[in-house]
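Engineer: Dropping the structure in here first, questions after.
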Amino acid sequence: MEVVDLKLEGLKLIKPHRFNDDRGFFQQTYVYNEYASAGIDTVFVQDNWSRSTKGVLRGMHYQHEHTQAKLVSVIHGEVFDVAVDMRKDSPTFGQWAGCRLSAETGYQFYIPRGFAHGFLVLSETVDFMYKCDDYYAPGDEYGVMWNDSCVGIEWPIDGSPIISDKDKEFPAFNNARDFKYIKRKSR
């Protein structure tokens, strides 16, 4: 597997080895020891799966008390995936990084604790999978406006995406709830 460090500290694009032949392909999607050797020693406790249609934008979500590191991937379709640095002590606080993820490439995006996360569906449909290192905590859900000019995410879309009513209510980055990044030991 190849691991590429992205422009914001901690964000990684992972390119797992894929073995193709006339029957299809084989790819390991997660092997703890290999990821730990690459600097991703996170222990994941929850897997999530979402399905969305073209033009849907989910995000930009984060948790305040129950922060989550995530390992995200696409098993059908393609997305533009984005993380925004919410770590107040970080030199890249308020900056974003994004990458395309697709079933065709099998690439993964590792997002450590302390980032808001979201994605835009580029294909007709997408099946999006993500591992989390902490459990979902109802009531600890926050977000920032997907199109806040202060952050300046360059979404590859003409017009407006399809957004949930909840996500439409997120505040601008400068008005988001203070983020308390909690670094916890691996389980």
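So you can find residues: chains in the structure tokens are A, B, ... in the order shown, residues in each start at 1, and ligands are numbered from 1 in order.
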Could you name the residues that touch Ser90 in chain A at 10 Å or less, counting only C-alpha atoms, but leaving out those on the same chain fewer than 6 positions away, as a PyMOL selection string?
Structural biologist: chain A and resi 8-9+114
Engineer: Store the residues of this selection in a file with N, CA and C atoms, as a PDB file, in the first residue's frame.
Structural biologist:
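Saved file result.pdb follows:
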```
ATOM      1  N   LEU A   8      -2.473  18.988   4.852  1.00  0.00           N
ATOM      2  CA  LEU A   8      -2.790  19.264   6.248  1.00  0.00           C
ATOM      3  C   LEU A   8      -2.307  18.106   7.107  1.00  0.00           C
ATOM      4  N   GLU A   9      -1.620  18.426   8.182  1.00  0.00           N
ATOM      5  CA  GLU A   9      -1.014  17.400   9.029  1.00  0.00           C
ATOM      6  C   GLU A   9      -2.032  16.354   9.486  1.00  0.00           C
ATOM      7  N   GLY A 114     -10.262  15.849  14.919  1.00  0.00           N
ATOM      8  CA  GLY A 114     -10.013  17.284  14.844  1.00  0.00           C
ATOM      9  C   GLY A 114     -10.360  17.910  13.507  1.00  0.00           C
TER      10      GLY A 114
END
```
Engineer: Counting only C-alpha atoms, which residues in range 74-174 of chain A sit no more than 8 Å from range 16-19 of chain A? For each one, give the nearest pair of atoms and the distance in Å, sorted by chain then residue number, as JSON lines.
Structural biologist:
```
{"residue": "A:Gly106", "atom": "CA", "partner": "A:Pro16", "partner_atom": "CA", "distance": 7.0}
{"residue": "A:Tyr107", "atom": "CA", "partner": "A:Pro16", "partner_atom": "CA", "distance": 6.5}
{"residue": "A:Gln108", "atom": "CA", "partner": "A:Pro16", "partner_atom": "CA", "distance": 7.9}
```
Engineer: For CA of Ile157 in chain A and CA of Val84 in chain A, determine how far apart the two atoms are, in Å to one decimal place.
Structural biologist: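 So the answer is 18.3 Å.
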Engineer: I'd like the neighbourhood of range 39-48 of chain A as a list of chain:residue names, where a residue qualifies if any of its atoms comes within 8 Å (using only C-alpha atoms), though same-chain residues fewer than 5 positions away should be ignored.
Structural biologist: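 Near neighbours after the sequence-gap exclusion: A:Tyr32, A:Ala69, A:Met129, A:Tyr130, A:Lys131, A:Cys132, A:Asp133, A:Asp134, A:Tyr135, A:Ser186, A:Arg187.
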Engineer: Please report, as a list of chain:residue names, each residue of chain A to which DSSP assigns helix (DSSP H, G or I) when run on this structure's backbone.
Structural biologist: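 Those residues are A:Tyr32, A:Asn33, A:Glu34, A:Tyr35, A:Ala36, A:Ser37, A:Asp165, A:Lys166, A:Asp167, A:Lys168, A:Phe173, A:Asn174, A:Asn175.
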Engineer: I need the chosen residues saved as a tab-separated table (two decimals), in the first residue's frame, with N, CA and C atoms.
Structural biologist:
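The result, stored in part_15.tsv:
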```
chain	number	residue	atom	x	y	z
A	32	TYR	N	-4.71	-3.91	10.25
A	32	TYR	CA	-4.22	-3.02	11.32
A	32	TYR	C	-2.70	-2.87	11.30
A	33	ASN	N	-1.96	-3.96	11.26
A	33	ASN	CA	-0.50	-3.87	11.35
A	33	ASN	C	0.10	-3.04	10.22
A	34	GLU	N	-0.42	-3.18	9.02
A	34	GLU	CA	0.09	-2.41	7.88
A	34	GLU	C	-0.23	-0.92	8.05
A	35	TYR	N	-1.42	-0.61	8.51
A	35	TYR	CA	-1.80	0.79	8.70
A	35	TYR	C	-0.99	1.40	9.84
A	36	ALA	N	-0.79	0.64	10.92
A	36	ALA	CA	0.02	1.13	12.04
A	36	ALA	C	1.44	1.41	11.58
A	37	SER	N	2.01	0.55	10.75
A	37	SER	CA	3.35	0.77	10.22
A	37	SER	C	3.43	2.04	9.38
A	165	ASP	N	-31.86	19.26	5.33
A	165	ASP	CA	-32.30	20.44	6.06
A	165	ASP	C	-31.37	20.74	7.23
A	166	LYS	N	-30.92	19.71	7.91
A	166	LYS	CA	-30.01	19.87	9.05
A	166	LYS	C	-28.69	20.52	8.60
A	167	ASP	N	-28.13	20.03	7.50
A	167	ASP	CA	-26.86	20.57	7.02
A	167	ASP	C	-27.00	22.01	6.53
A	168	LYS	N	-28.19	22.39	6.05
A	168	LYS	CA	-28.42	23.76	5.60
A	168	LYS	C	-28.36	24.75	6.76
A	173	PHE	N	-18.00	29.11	9.33
A	173	PHE	CA	-16.84	28.60	10.07
A	173	PHE	C	-16.54	29.47	11.29
A	174	ASN	N	-16.54	30.78	11.13
A	174	ASN	CA	-16.20	31.68	12.23
A	174	ASN	C	-17.23	31.68	13.35
A	175	ASN	N	-18.41	31.13	13.10
A	175	ASN	CA	-19.46	31.05	14.12
A	175	ASN	C	-19.68	29.63	14.63
```
Engineer: Can you pull out the residues contacting Trp146 in chain A? Cut-off 9 Å, using only C-alpha atoms, and skip same-chain residues under 4 positions away; I want them as a list in words.
Structural biologist: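 So, after excluding close chain neighbours, the residues are Leu57, Arg58, Gly59, Met60, Gly118, Val151, Ile153, Asp167, Lys168, Phe170 and Ala172 of chain A.
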Engineer: Those same residues, written as a PDB file, in the first residue's frame with C-alpha atoms?
Structural biologist:
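Generated file (result.pdb):
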```pdb
ATOM      1  CA  LEU A  57     -23.449  16.843  -0.451  1.00  0.00           C
ATOM      2  CA  ARG A  58     -23.150  15.448   3.058  1.00  0.00           C
ATOM      3  CA  GLY A  59     -21.232  17.665   5.471  1.00  0.00           C
ATOM      4  CA  MET A  60     -19.359  19.402   6.852  1.00  0.00           C
ATOM      5  CA  GLY A 118     -17.998  15.950   4.081  1.00  0.00           C
ATOM      6  CA  VAL A 151     -12.895  28.222   4.228  1.00  0.00           C
ATOM      7  CA  ILE A 153     -13.706  24.709  -0.465  1.00  0.00           C
ATOM      8  CA  ASP A 167     -26.857  20.568   7.020  1.00  0.00           C
ATOM      9  CA  LYS A 168     -28.421  23.763   5.602  1.00  0.00           C
ATOM     10  CA  PHE A 170     -24.867  24.838   9.894  1.00  0.00           C
ATOM     11  CA  ALA A 172     -20.276  29.819   9.000  1.00  0.00           C
TER      12      ALA A 172
END
```
Engineer: Which residues are close to Gly159 in chain A, i.e. within 12 Å by only C-alpha atoms, leaving aside same-chain residues fewer than 6 positions away? Reply as a PyMOL selection string.
Structural biologist: chain A and resi 55-56+147
Engineer: If you run DSSP over the backbone, which residues in range 63-126 of chain A end up strand (DSSP E or B)? Put them as a ChimeraX atom specification.
Structural biologist: /A:70-76,78-85,96-102,108-111,115-121,125-126
Engineer: Could you save the residues just selected, with N, CA and C atoms, as a short mmCIF file (atom, residue, chain, number, x, y, z; two decimals), in the first residue's frame?
Structural biologist:
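Wrote it out as result-v3.cif, contents follow:
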```cif
data_model
loop_
_atom_site.label_atom_id
_atom_site.label_comp_id
_atom_site.auth_asym_id
_atom_site.auth_seq_id
_atom_site.Cartn_x
_atom_site.Cartn_y
_atom_site.Cartn_z
N LYS A 70 -11.50 8.94 11.08
CA LYS A 70 -12.26 8.16 10.10
C LYS A 70 -11.34 7.65 9.00
N LEU A 71 -11.67 6.49 8.52
CA LEU A 71 -11.05 5.92 7.32
C LEU A 71 -12.18 5.73 6.33
N VAL A 72 -12.21 6.55 5.28
CA VAL A 72 -13.35 6.56 4.36
C VAL A 72 -12.96 5.98 3.00
N SER A 73 -13.95 5.37 2.35
CA SER A 73 -13.73 4.79 1.03
C SER A 73 -15.06 4.66 0.30
N VAL A 74 -14.97 4.42 -1.00
CA VAL A 74 -16.15 4.26 -1.84
C VAL A 74 -16.13 2.85 -2.40
N ILE A 75 -17.26 2.13 -2.27
CA ILE A 75 -17.33 0.78 -2.83
C ILE A 75 -18.17 0.72 -4.10
N HIS A 76 -18.85 1.82 -4.40
CA HIS A 76 -19.57 1.95 -5.68
C HIS A 76 -19.69 3.43 -5.98
N GLU A 78 -18.36 7.41 -7.16
CA GLU A 78 -17.25 8.35 -6.97
C GLU A 78 -17.73 9.56 -6.18
N VAL A 79 -16.85 10.08 -5.32
CA VAL A 79 -17.11 11.29 -4.54
C VAL A 79 -15.90 12.21 -4.58
N PHE A 80 -16.16 13.47 -4.22
CA PHE A 80 -15.10 14.40 -3.87
C PHE A 80 -15.20 14.54 -2.36
N ASP A 81 -14.16 14.10 -1.65
CA ASP A 81 -14.17 14.02 -0.20
C ASP A 81 -13.32 15.15 0.38
N VAL A 82 -13.80 15.79 1.45
CA VAL A 82 -13.14 16.97 1.99
C VAL A 82 -13.04 16.89 3.51
N ALA A 83 -11.92 17.42 4.04
CA ALA A 83 -11.74 17.58 5.48
C ALA A 83 -11.28 19.02 5.74
N VAL A 84 -11.84 19.63 6.80
CA VAL A 84 -11.48 20.98 7.21
C VAL A 84 -10.85 20.89 8.60
N ASP A 85 -9.68 21.50 8.76
CA ASP A 85 -8.96 21.48 10.02
C ASP A 85 -9.69 22.35 11.05
N TRP A 96 -8.60 23.51 4.25
CA TRP A 96 -9.24 22.28 3.81
C TRP A 96 -8.32 21.53 2.85
N ALA A 97 -8.60 20.24 2.72
CA ALA A 97 -7.95 19.39 1.72
C ALA A 97 -9.01 18.44 1.21
N GLY A 98 -8.91 18.10 -0.06
CA GLY A 98 -9.89 17.20 -0.65
C GLY A 98 -9.24 16.25 -1.64
N CYS A 99 -9.95 15.17 -1.93
CA CYS A 99 -9.46 14.19 -2.90
C CYS A 99 -10.66 13.44 -3.47
N ARG A 100 -10.46 12.90 -4.66
CA ARG A 100 -11.49 12.06 -5.27
C ARG A 100 -11.29 10.63 -4.81
N LEU A 101 -12.38 10.00 -4.45
CA LEU A 101 -12.39 8.60 -4.06
C LEU A 101 -13.38 7.89 -4.97
N SER A 102 -13.01 6.70 -5.43
CA SER A 102 -13.92 5.96 -6.29
C SER A 102 -13.74 4.46 -6.08
N GLN A 108 -8.43 5.29 -0.31
CA GLN A 108 -9.05 5.62 0.97
C GLN A 108 -8.51 6.96 1.46
N PHE A 109 -9.26 7.60 2.33
CA PHE A 109 -8.87 8.88 2.89
C PHE A 109 -8.90 8.72 4.41
N TYR A 110 -7.75 8.94 5.06
CA TYR A 110 -7.68 8.88 6.52
C TYR A 110 -7.78 10.30 7.06
N ILE A 111 -8.76 10.48 7.96
CA ILE A 111 -9.03 11.78 8.57
C ILE A 111 -8.89 11.62 10.08
N PHE A 115 -11.06 17.17 12.64
CA PHE A 115 -11.45 17.68 11.34
C PHE A 115 -12.95 17.58 11.13
N ALA A 116 -13.52 18.57 10.43
CA ALA A 116 -14.87 18.44 9.92
C ALA A 116 -14.77 17.67 8.61
N HIS A 117 -15.79 16.90 8.27
CA HIS A 117 -15.72 16.03 7.10
C HIS A 117 -17.01 16.12 6.28
N GLY A 118 -16.85 16.00 4.96
CA GLY A 118 -18.00 15.95 4.08
C GLY A 118 -17.61 15.44 2.71
N PHE A 119 -18.63 15.11 1.92
CA PHE A 119 -18.35 14.65 0.55
C PHE A 119 -19.49 15.03 -0.38
N LEU A 120 -19.12 15.15 -1.67
CA LEU A 120 -20.05 15.44 -2.75
C LEU A 120 -20.07 14.26 -3.69
N VAL A 121 -21.27 13.77 -4.02
CA VAL A 121 -21.41 12.62 -4.91
C VAL A 121 -21.26 13.08 -6.36
N THR A 125 -24.88 7.21 -8.45
CA THR A 125 -25.09 6.81 -7.06
C THR A 125 -23.73 6.50 -6.45
N VAL A 126 -23.69 6.47 -5.15
CA VAL A 126 -22.45 6.10 -4.46
C VAL A 126 -22.80 5.30 -3.22
#
```
